[in-house]
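Student: Please read through the structure below; I'll follow up with questions.
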Amino acid sequence: MTLLRVRDLSVTFETGDGTVNAVNGVDLAIGAGQSVAVVGESGSGKSQIMFAIMGLLARNGAAAGSVTFDGTELLGLDEGALNRIRSSQIAMIFQNPMTALNPYMRISHQMTEVLTLHKGMSRRAALAEAIGLLDAMEVPEAATRIGMYPHEFSGGMLQRVLIAMALLCRPRLLIADEPTTALDATVRGQIMRLLADVRARFGTTVILVTHDVGIVAGHCDEMVVLYGGRVMESGPVARIFAAPHHPYTRSLLDAVPRLDRDDERLRSIPGDPLGTNLLPAGCPFAARCPRVEERCHRERPASERPAPDRVVACHRPLEGVA
Amino acid sequence: MIYFLLKRLAVAVPTLLILIVVSYVLMYAAPGGPFDTERTLPPEVMANLQHKYGLDQPLAVQIWRYVVSIVTEFDFGPSFQYTDQSVNDIIEQGFPVTLTYGGWSFLVAVLVGVSLGIAAAVHHNTLLDYLSVGVSIGAQVLPNFVLAPILTLIFTLWLAWLPGGGWQGGHWPYVIMPVIALSTSFMASIARITRSSMLEVLNADFIRTARAKGLPMWRIVFRHALKPALLPVISYLGPAFVGMITGSVVIDVFFATGGIGQFFVNSALNRDYPVIMGITILAGGLTILFNTVVDLLYAWIDPRIRY
Ligand SMILES: Nc1ncnc2c1ncn2[C@@H]1O[C@H](COP(=O)(O)OP(=O)(O)OP(=O)(O)O)[C@@H](O)[C@H]1O
Ligand code: SF4
Ligand SMILES: [Mg+2]
């Protein structure tokens with residue numbers, strides 16, 4: 001069953017320097033219980049897709065296309081109806097735990113308000129529930145620490161608090177927007193393990209947004225590769241890792257440091273990520289693509305299905321696919 | 001926090017002392033004296049008066065005596081001008097008036113200003129926003145000495161709704177115009193500050209988190225955004241307080257409310273040294289007290305500030 005379906009989603013921002021095209025016709029289909037990675041470099045539009053899904057775009061932003069959650073169209077839904085879905089059905093963990101919590105409010109209040117609002121719980125019951133979840137997220141001394149303010153926590157602890165907070169209403173879909181990017185390497189592994197726990201325990205569908213392909217394998221079933229606000233390739237993680245069709249996916253995978261390859265230096269993709277102000281007529285990756293040909297600059301490659309479970313948008317895909 | 005208050009007190013005492021010395025010296029240095037009337041007094045009478053009030057003593061002795069009588073007896077001396085009244089009497093008489101309309105003005109400026117600012121920020125770029133920005137710009141360029149006559153013109157002369165002056169023990173019709181005249185420009189500044197800080201706070205990451213929780217807008221604004229949005233307003237309250245003290249002089253003179261400002265002007269014109277000093281110390285002390293309250297408010301809002 002498809003829990004979340006995104007069709008031809010575009011996100012634009014009106015700025016002083018004109019219109020910014022952050023997301024340009026993205027399609028996603030996320031099945032219930034799946035774990036899907038959305039991968040792309042900084043600025044590729046990952047966060048804005050997630051914000052558009054939850055109706056959280058900045059004031060100057062606008063979304064077009066369609067987002068259906070469990071059959072309900074979310075784009076253009078009125079604020080009241082959206083508020084009933086937010087956090088109770090779809091919850092989100094944000095990129096920077098250090099700024100995502102209100103520094104002027106105690107953690108207890110920030111957590112309990114979710115439950116008193118959506119579940120009509122008493123403050124007392126909500127507090128007990130919140131402490132229970134903090135415990136489950138391995139926040140030590142949860143019962144005392146819940147009375148503290150965010151500045152009294154470390155980044156890793158804050159991310160645990162945010163995950164606990166997102167799970168309060170047992171949402172069906174959890175969007176984790178780069179949950180480990182702002183954290184140091186040791187904490188990173190712990191948070192990823194927690195997210196895997198959450199899936200196992202609550203059966204939550206998870207979208208994991210990341211620019212780090214390295215954490216995708218072993219954590220996600222499906223992956224979607226974004227570039228310049230467009231989907232370059234999508235499909236099962238194992239199959240894409242084994243044989244990427246898109247040159248961009250290929251260079252992303254090559255850039256991952258691998259133990260078996262024994263080279264110390266990190267290979268990075270040559271060239272700069274695309275500016276989003278100008279929509280190129282052809283393939284967004286053309287300026288950096290090793291396989292580029294003349295028509296790549298002219299014609300935008302359509303999304304093809306080389307196999308039933310795979311999508312690729314490229315004029316000259318790898319592995320002999322036509 | 002007790003430590004913080006003690007520290008503040010420890011700073012306040014020398015601050016007030018310096019205030020006393022500097023004002024005393026400045027006042028003394030200003031041309032003219034308390035008994036220079038149109039018809040010059042005979043030298044013996046003058047000498048007598050000077051001696052009676054201790055003005056024949058060296059300046060340092062005068063200041064020393066003044067401070068000692070304040071500290072030991074809380075006595076701010078006699079008035080030169082109102083011969084049967086002490087400075088304490090005058091302050092007791094005028095201060096409640098000033099405090100009454102000053103307090104109301106402060107309350108009105110903060111409550112109306114903050115509400116207007118929030119409304120404008122929440123309805124950013126709508127008619128309401130433009131309207132409130134327009135009103136606050138208009139109100140800000142209207143100083144109280146311009147606003148006061150305009151108000152009198154409208155409400156006293158044309159509409160005959162409100163008395164043009166007097167106090168009558170603080171009966172409400174007498175309070176309205178002084179409050180409007182004194183509070184309007186501060187209200188406008190507070191509205192402007194609130195609007196821009198609220199707009200900034202509403203863009204913060206943690207507000208996005210609050211929205212992702214499904215909280216309704218009013219709850220986001222009042223529970224999540226208001227406290228941080230008020231911080232710049234609170235820092236403005238100190239200067240606003242001082243501005244209001246200055247403004248009250250204009251109000252007292254224009255509306256003949258009998259507040260402390262009126263006594264201040266008269267005593268300044270007549271070189272009534274003790275009254276000038278008494279009111280200066282009162283204003284200085286209040287300012288110090290108020291700034292302490294502001295700092296406590298800051299700490300109350302921001303958990304990262306602890307004393
Ligand atoms: N309010 C805004 N106004 C104008 N442009 C914006 C706004 N918000 C985002 N953008 C632009 O949208 C583009 C996509 O941003 P997005 O936040 O989705 O990137 P991302 O893929 O999440 O990257 P990162 O890994 O850095 O988080 C960026 O180029 C960004 O500059
Ligand atoms: S369409 Fe052309 S430029 Fe784009 S990825 Fe494929 S080969 Fe490279
Ligand atoms: Mg992002």
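Going by the structure tokens order, chains are called A, B, ..., each with residues numbered from 1, while ligands are numbered from 1 in the order shown.
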Which residues are near His124 in chain B? Cut-off 10 Å, only C-alpha atoms, ignore same chain within fewer than 5 positions. Put them as a PDB file with all heavy atoms, in the first residue's frame.

Tutor:
```pdb
ATOM      1  N   ARG A  59       7.668  31.551   4.263  1.00  0.00           N
ATOM      2  CA  ARG A  59       6.600  32.439   3.819  1.00  0.00           C
ATOM      3  C   ARG A  59       6.660  32.747   2.325  1.00  0.00           C
ATOM      4  O   ARG A  59       5.635  32.892   1.674  1.00  0.00           O
ATOM      5  CB  ARG A  59       6.697  33.748   4.590  1.00  0.00           C
ATOM      6  CG  ARG A  59       5.459  34.105   5.368  1.00  0.00           C
ATOM      7  CD  ARG A  59       5.608  35.518   5.856  1.00  0.00           C
ATOM      8  NE  ARG A  59       6.599  35.584   6.918  1.00  0.00           N
ATOM      9  CZ  ARG A  59       6.283  35.663   8.209  1.00  0.00           C
ATOM     10  NH1 ARG A  59       5.027  35.691   8.565  1.00  0.00           N
ATOM     11  NH2 ARG A  59       7.210  35.726   9.132  1.00  0.00           N
TER      12      ARG A  59
ATOM     13  N   ILE B 118       2.347  42.507  17.402  1.00  0.00           N
ATOM     14  CA  ILE B 118       2.076  41.086  17.150  1.00  0.00           C
ATOM     15  C   ILE B 118       1.095  40.947  15.991  1.00  0.00           C
ATOM     16  O   ILE B 118       1.311  40.161  15.064  1.00  0.00           O
ATOM     17  CB  ILE B 118       1.485  40.408  18.403  1.00  0.00           C
ATOM     18  CG1 ILE B 118       2.532  40.352  19.514  1.00  0.00           C
ATOM     19  CG2 ILE B 118       0.995  39.000  18.070  1.00  0.00           C
ATOM     20  CD1 ILE B 118       1.962  39.810  20.817  1.00  0.00           C
ATOM     21  N   ALA B 119       0.032  41.737  16.048  1.00  0.00           N
ATOM     22  CA  ALA B 119      -0.985  41.650  14.996  1.00  0.00           C
ATOM     23  C   ALA B 119      -0.361  41.932  13.632  1.00  0.00           C
ATOM     24  O   ALA B 119      -0.619  41.223  12.658  1.00  0.00           O
ATOM     25  CB  ALA B 119      -2.118  42.631  15.283  1.00  0.00           C
ATOM     26  N   ASP B 129      -1.251  44.945   8.622  1.00  0.00           N
ATOM     27  CA  ASP B 129       0.168  45.216   8.814  1.00  0.00           C
ATOM     28  C   ASP B 129       0.499  46.639   8.364  1.00  0.00           C
ATOM     29  O   ASP B 129       1.081  47.429   9.101  1.00  0.00           O
ATOM     30  CB  ASP B 129       0.987  44.181   8.030  1.00  0.00           C
ATOM     31  CG  ASP B 129       2.488  44.323   8.268  1.00  0.00           C
ATOM     32  OD1 ASP B 129       2.863  44.908   9.296  1.00  0.00           O
ATOM     33  OD2 ASP B 129       3.262  43.835   7.436  1.00  0.00           O
ATOM     34  N   TYR B 130       0.093  46.965   7.142  1.00  0.00           N
ATOM     35  CA  TYR B 130       0.388  48.300   6.611  1.00  0.00           C
ATOM     36  C   TYR B 130      -0.217  49.377   7.485  1.00  0.00           C
ATOM     37  O   TYR B 130       0.398  50.405   7.768  1.00  0.00           O
ATOM     38  CB  TYR B 130      -0.134  48.436   5.177  1.00  0.00           C
ATOM     39  CG  TYR B 130       0.470  47.428   4.238  1.00  0.00           C
ATOM     40  CD1 TYR B 130      -0.295  46.799   3.272  1.00  0.00           C
ATOM     41  CD2 TYR B 130       1.821  47.100   4.315  1.00  0.00           C
ATOM     42  CE1 TYR B 130       0.256  45.860   2.420  1.00  0.00           C
ATOM     43  CE2 TYR B 130       2.385  46.170   3.466  1.00  0.00           C
ATOM     44  CZ  TYR B 130       1.597  45.554   2.523  1.00  0.00           C
ATOM     45  OH  TYR B 130       2.142  44.625   1.686  1.00  0.00           O
ATOM     46  N   ARG B 195       6.955  44.243  16.224  1.00  0.00           N
ATOM     47  CA  ARG B 195       6.675  43.708  14.894  1.00  0.00           C
ATOM     48  C   ARG B 195       7.930  43.089  14.293  1.00  0.00           C
ATOM     49  O   ARG B 195       7.916  41.941  13.851  1.00  0.00           O
ATOM     50  CB  ARG B 195       6.151  44.809  13.974  1.00  0.00           C
ATOM     51  CG  ARG B 195       5.942  44.360  12.544  1.00  0.00           C
ATOM     52  CD  ARG B 195       5.429  45.502  11.678  1.00  0.00           C
ATOM     53  NE  ARG B 195       5.342  45.116  10.288  1.00  0.00           N
ATOM     54  CZ  ARG B 195       6.348  45.184   9.437  1.00  0.00           C
ATOM     55  NH1 ARG B 195       7.537  45.618   9.850  1.00  0.00           N
ATOM     56  NH2 ARG B 195       6.199  44.803   8.189  1.00  0.00           N
ATOM     57  N   LEU B 199       8.596  39.094  13.689  1.00  0.00           N
ATOM     58  CA  LEU B 199       8.812  38.575  12.337  1.00  0.00           C
ATOM     59  C   LEU B 199      10.067  37.717  12.301  1.00  0.00           C
ATOM     60  O   LEU B 199      10.096  36.651  11.684  1.00  0.00           O
ATOM     61  CB  LEU B 199       8.944  39.728  11.336  1.00  0.00           C
ATOM     62  CG  LEU B 199       7.631  40.342  10.859  1.00  0.00           C
ATOM     63  CD1 LEU B 199       7.896  41.519   9.927  1.00  0.00           C
ATOM     64  CD2 LEU B 199       6.780  39.295  10.158  1.00  0.00           C
TER      65      LEU B 199
END
```

Student: Which residues of chain B are close to chain A, meaning at most 6 Å apart when you count only C-alpha atoms, and how do they look as JSON, numbers by chain?

Tutor: {"B": [205, 206, 212, 213, 214, 302]}

Student: Could those selected residues go to a file with C-alpha atoms, as an mmCIF file, in the first residue's frame?

Tutor:
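Dumped to result_13.cif:
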```cif
data_model
loop_
_atom_site.group_PDB
_atom_site.id
_atom_site.type_symbol
_atom_site.label_atom_id
_atom_site.label_comp_id
_atom_site.auth_asym_id
_atom_site.auth_seq_id
_atom_site.Cartn_x
_atom_site.Cartn_y
_atom_site.Cartn_z
ATOM 1 C CA ASP B 205 13.940 26.929 13.213
ATOM 2 C CA PHE B 206 12.151 26.175 16.462
ATOM 3 C CA ALA B 212 5.332 20.590 12.583
ATOM 4 C CA LYS B 213 3.712 19.619 15.866
ATOM 5 C CA GLY B 214 0.386 20.839 14.541
ATOM 6 C CA ASP B 302 15.856 33.651 28.840
#
```

Student: Pull the helix (DSSP H, G or I) assignments for range 25-200 of chain A out of DSSP run on the backbone, and list those residues as a PyMOL selection string.

Tutor: chain A and resi 46-54+79-85+97-100+107-118+123-136+142-145+150-152+155-167+185-200

Student: Residues within 9 Å of ligand 1, counting only C-alpha atoms and all ligand atoms: report them as a PyMOL selection string.

Tutor: chain A and resi 11-15+19-23+39-51+57-61+95+177-178+181+209-211+226-229+274-277

Student: With a cut-off of 12 Å, could you pull out the residues of chain A touching ligand 2 and give me the nearest pair of atoms for each, distance in Å to one decimal, using only C-alpha atoms and all ligand atoms, ordered by chain and ascending number, as a Markdown table?

Tutor:
```
| residue | atom | partner | partner_atom_place_in_ligand_line | distance |
| --- | --- | --- | --- | --- |
| A:Val225 | CA | ligand 2 | 5 (S) | 12.0 |
| A:Leu226 | CA | ligand 2 | 5 (S) | 11.8 |
| A:Tyr227 | CA | ligand 2 | 5 (S) | 10.0 |
| A:Gly228 | CA | ligand 2 | 4 (Fe) | 11.5 |
| A:Arg230 | CA | ligand 2 | 4 (Fe) | 11.5 |
| A:Val231 | CA | ligand 2 | 5 (S) | 11.2 |
| A:Met232 | CA | ligand 2 | 5 (S) | 7.9 |
| A:Glu233 | CA | ligand 2 | 5 (S) | 10.0 |
| A:Pro244 | CA | ligand 2 | 5 (S) | 11.6 |
| A:His245 | CA | ligand 2 | 6 (Fe) | 9.2 |
| A:His246 | CA | ligand 2 | 5 (S) | 6.0 |
| A:Pro247 | CA | ligand 2 | 5 (S) | 5.2 |
| A:Tyr248 | CA | ligand 2 | 5 (S) | 6.2 |
| A:Thr249 | CA | ligand 2 | 5 (S) | 9.0 |
| A:Arg250 | CA | ligand 2 | 5 (S) | 9.9 |
| A:Ser251 | CA | ligand 2 | 5 (S) | 10.5 |
| A:Pro280 | CA | ligand 2 | 4 (Fe) | 11.2 |
| A:Ala281 | CA | ligand 2 | 4 (Fe) | 11.3 |
| A:Gly282 | CA | ligand 2 | 1 (S) | 7.7 |
| A:Cys283 | CA | ligand 2 | 4 (Fe) | 4.5 |
| A:Pro284 | CA | ligand 2 | 4 (Fe) | 6.6 |
| A:Phe285 | CA | ligand 2 | 4 (Fe) | 5.1 |
| A:Ala286 | CA | ligand 2 | 3 (S) | 3.6 |
| A:Ala287 | CA | ligand 2 | 3 (S) | 7.1 |
| A:Arg288 | CA | ligand 2 | 3 (S) | 7.5 |
| A:Cys289 | CA | ligand 2 | 8 (Fe) | 4.6 |
| A:Pro290 | CA | ligand 2 | 8 (Fe) | 6.6 |
| A:Arg291 | CA | ligand 2 | 7 (S) | 4.6 |
| A:Val292 | CA | ligand 2 | 3 (S) | 4.1 |
| A:Glu293 | CA | ligand 2 | 2 (Fe) | 5.9 |
| A:Glu294 | CA | ligand 2 | 2 (Fe) | 8.2 |
| A:Arg295 | CA | ligand 2 | 2 (Fe) | 7.4 |
| A:Cys296 | CA | ligand 2 | 2 (Fe) | 4.3 |
| A:His297 | CA | ligand 2 | 3 (S) | 7.1 |
| A:Arg298 | CA | ligand 2 | 2 (Fe) | 9.7 |
| A:Glu299 | CA | ligand 2 | 1 (S) | 8.3 |
| A:Arg300 | CA | ligand 2 | 1 (S) | 7.3 |
| A:Pro301 | CA | ligand 2 | 1 (S) | 5.6 |
| A:Ala302 | CA | ligand 2 | 1 (S) | 8.9 |
| A:Ser303 | CA | ligand 2 | 1 (S) | 10.4 |
| A:Glu304 | CA | ligand 2 | 1 (S) | 11.6 |
| A:Val312 | CA | ligand 2 | 6 (Fe) | 9.1 |
| A:Ala313 | CA | ligand 2 | 1 (S) | 6.8 |
| A:Cys314 | CA | ligand 2 | 6 (Fe) | 3.7 |
| A:His315 | CA | ligand 2 | 1 (S) | 4.2 |
| A:Arg316 | CA | ligand 2 | 7 (S) | 4.5 |
| A:Pro317 | CA | ligand 2 | 6 (Fe) | 6.0 |
| A:Leu318 | CA | ligand 2 | 7 (S) | 8.7 |
| A:Val321 | CA | ligand 2 | 6 (Fe) | 11.7 |
| A:Ala322 | CA | ligand 2 | 6 (Fe) | 11.5 |
```

Student: Please write the residues from the selection above to a file, keeping C-alpha atoms, as a compact mmCIF listing (two decimals), in the first residue's frame.

Tutor:
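That gives us again30.txt:
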```txt
# COMPACT_ATOMS: atom_id res chain seq x y z
CA VAL A 225 18.67 10.31 -5.77
CA LEU A 226 18.04 14.02 -6.24
CA TYR A 227 19.96 16.59 -8.21
CA GLY A 228 18.97 20.19 -8.89
CA ARG A 230 14.88 16.60 -9.78
CA VAL A 231 14.86 12.85 -9.30
CA MET A 232 17.85 11.35 -11.12
CA GLU A 233 17.32 7.77 -10.10
CA PRO A 244 23.70 2.38 -10.57
CA HIS A 245 22.14 3.47 -13.85
CA HIS A 246 22.64 7.19 -13.50
CA PRO A 247 26.11 8.76 -13.84
CA TYR A 248 25.37 11.02 -10.89
CA THR A 249 24.45 8.08 -8.66
CA ARG A 250 27.61 6.42 -9.82
CA SER A 251 29.77 9.34 -8.79
CA PRO A 280 18.63 24.34 -17.36
CA ALA A 281 16.89 23.29 -20.54
CA GLY A 282 18.58 19.91 -20.55
CA CYS A 283 19.93 17.56 -17.89
CA PRO A 284 20.78 19.39 -14.65
CA PHE A 285 23.90 17.26 -14.22
CA ALA A 286 25.26 18.01 -17.70
CA ALA A 287 27.92 20.46 -16.54
CA ARG A 288 29.58 17.82 -14.34
CA CYS A 289 28.72 14.58 -16.12
CA PRO A 290 31.55 12.40 -17.47
CA ARG A 291 29.17 10.83 -20.03
CA VAL A 292 27.69 14.07 -21.27
CA GLU A 293 26.84 14.35 -24.96
CA GLU A 294 25.51 17.16 -27.07
CA ARG A 295 21.80 16.51 -26.62
CA CYS A 296 22.15 16.41 -22.80
CA HIS A 297 22.43 20.20 -22.88
CA ARG A 298 19.41 20.59 -25.10
CA GLU A 299 16.89 17.99 -24.06
CA ARG A 300 15.73 17.17 -20.64
CA PRO A 301 15.98 13.40 -20.14
CA ALA A 302 12.62 11.83 -19.34
CA SER A 303 12.13 9.37 -16.49
CA GLU A 304 12.47 5.84 -17.84
CA VAL A 312 16.29 6.70 -14.15
CA ALA A 313 16.38 10.05 -15.92
CA CYS A 314 19.37 9.99 -18.27
CA HIS A 315 20.05 9.96 -22.00
CA ARG A 316 22.99 7.63 -21.60
CA PRO A 317 22.39 5.43 -18.53
CA LEU A 318 25.07 3.00 -17.37
CA VAL A 321 20.41 0.06 -20.50
CA ALA A 322 19.16 1.74 -23.62
```

Student: Taking 6 positions as the minimum chain separation for residues in the same chain, which residues sit within 10 Å of Thr15 in chain B when counting only C-alpha atoms? Answer as a PyMOL selection string.

Tutor: chain B and resi 9+284-285+288

Student: Please list as an MDAnalysis selection string every residue within 12 Å of Arg188 in chain A, counting only C-alpha atoms and excluding residues in the same chain fewer than 2 positions away.

Tutor: chainID A and resid 155:157 159:160 178:186 190:195 212 214:215

Student: Excluding range 39-52 of chain B and any residue of its chain fewer than 4 positions from it, enumerate the residues within 12 Å of it, using only C-alpha atoms, and give them as a PyMOL selection string.

Tutor: chain B and resi 33-35+56-58+62+78+80+83

Student: Would you mind exporting the chosen residues as a JSON list (two decimals), in the first residue's frame, restricted to C-alpha atoms?

Tutor:
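Dumped to part03.json:
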```
[["chain", "number", "residue", "atom", "x", "y", "z"],
["B", 33, "GLY", "CA", 20.85, 82.09, 42.76],
["B", 34, "PRO", "CA", 17.73, 81.22, 44.70],
["B", 35, "PHE", "CA", 17.17, 84.69, 46.14],
["B", 56, "ASP", "CA", 27.63, 80.50, 52.89],
["B", 57, "GLN", "CA", 29.51, 77.30, 53.55],
["B", 58, "PRO", "CA", 32.11, 75.88, 51.16],
["B", 62, "GLN", "CA", 27.20, 71.83, 51.74],
["B", 78, "PRO", "CA", 13.50, 72.69, 52.87],
["B", 80, "PHE", "CA", 13.51, 77.85, 49.18],
["B", 83, "THR", "CA", 8.82, 78.50, 52.34]]
```

Student: Please identify the strand (DSSP E) residues within range 15-224 of chain A (assignment by DSSP from backbone atoms) and present them as a PyMOL selection string.

Tutor: chain A and resi 15+18-31+35-39+61-69+72-73+90-93+173-177+205-210+222-224

Student: Rounded to one decimal in Å, what is the spacing between CA of Val25 in chain B and CA of Thr72 in chain B?

Tutor: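 Interatomic distance, CA of Val25 in chain B to CA of Thr72 in chain B: 22.0 Å.
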
Student: Suppose you want the space between CA of Leu208 in chain A and CA of Val38 in chain A; what is it in Å?

Tutor: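 Separation between CA of Leu208 in chain A and CA of Val38 in chain A: 6.1 Å.
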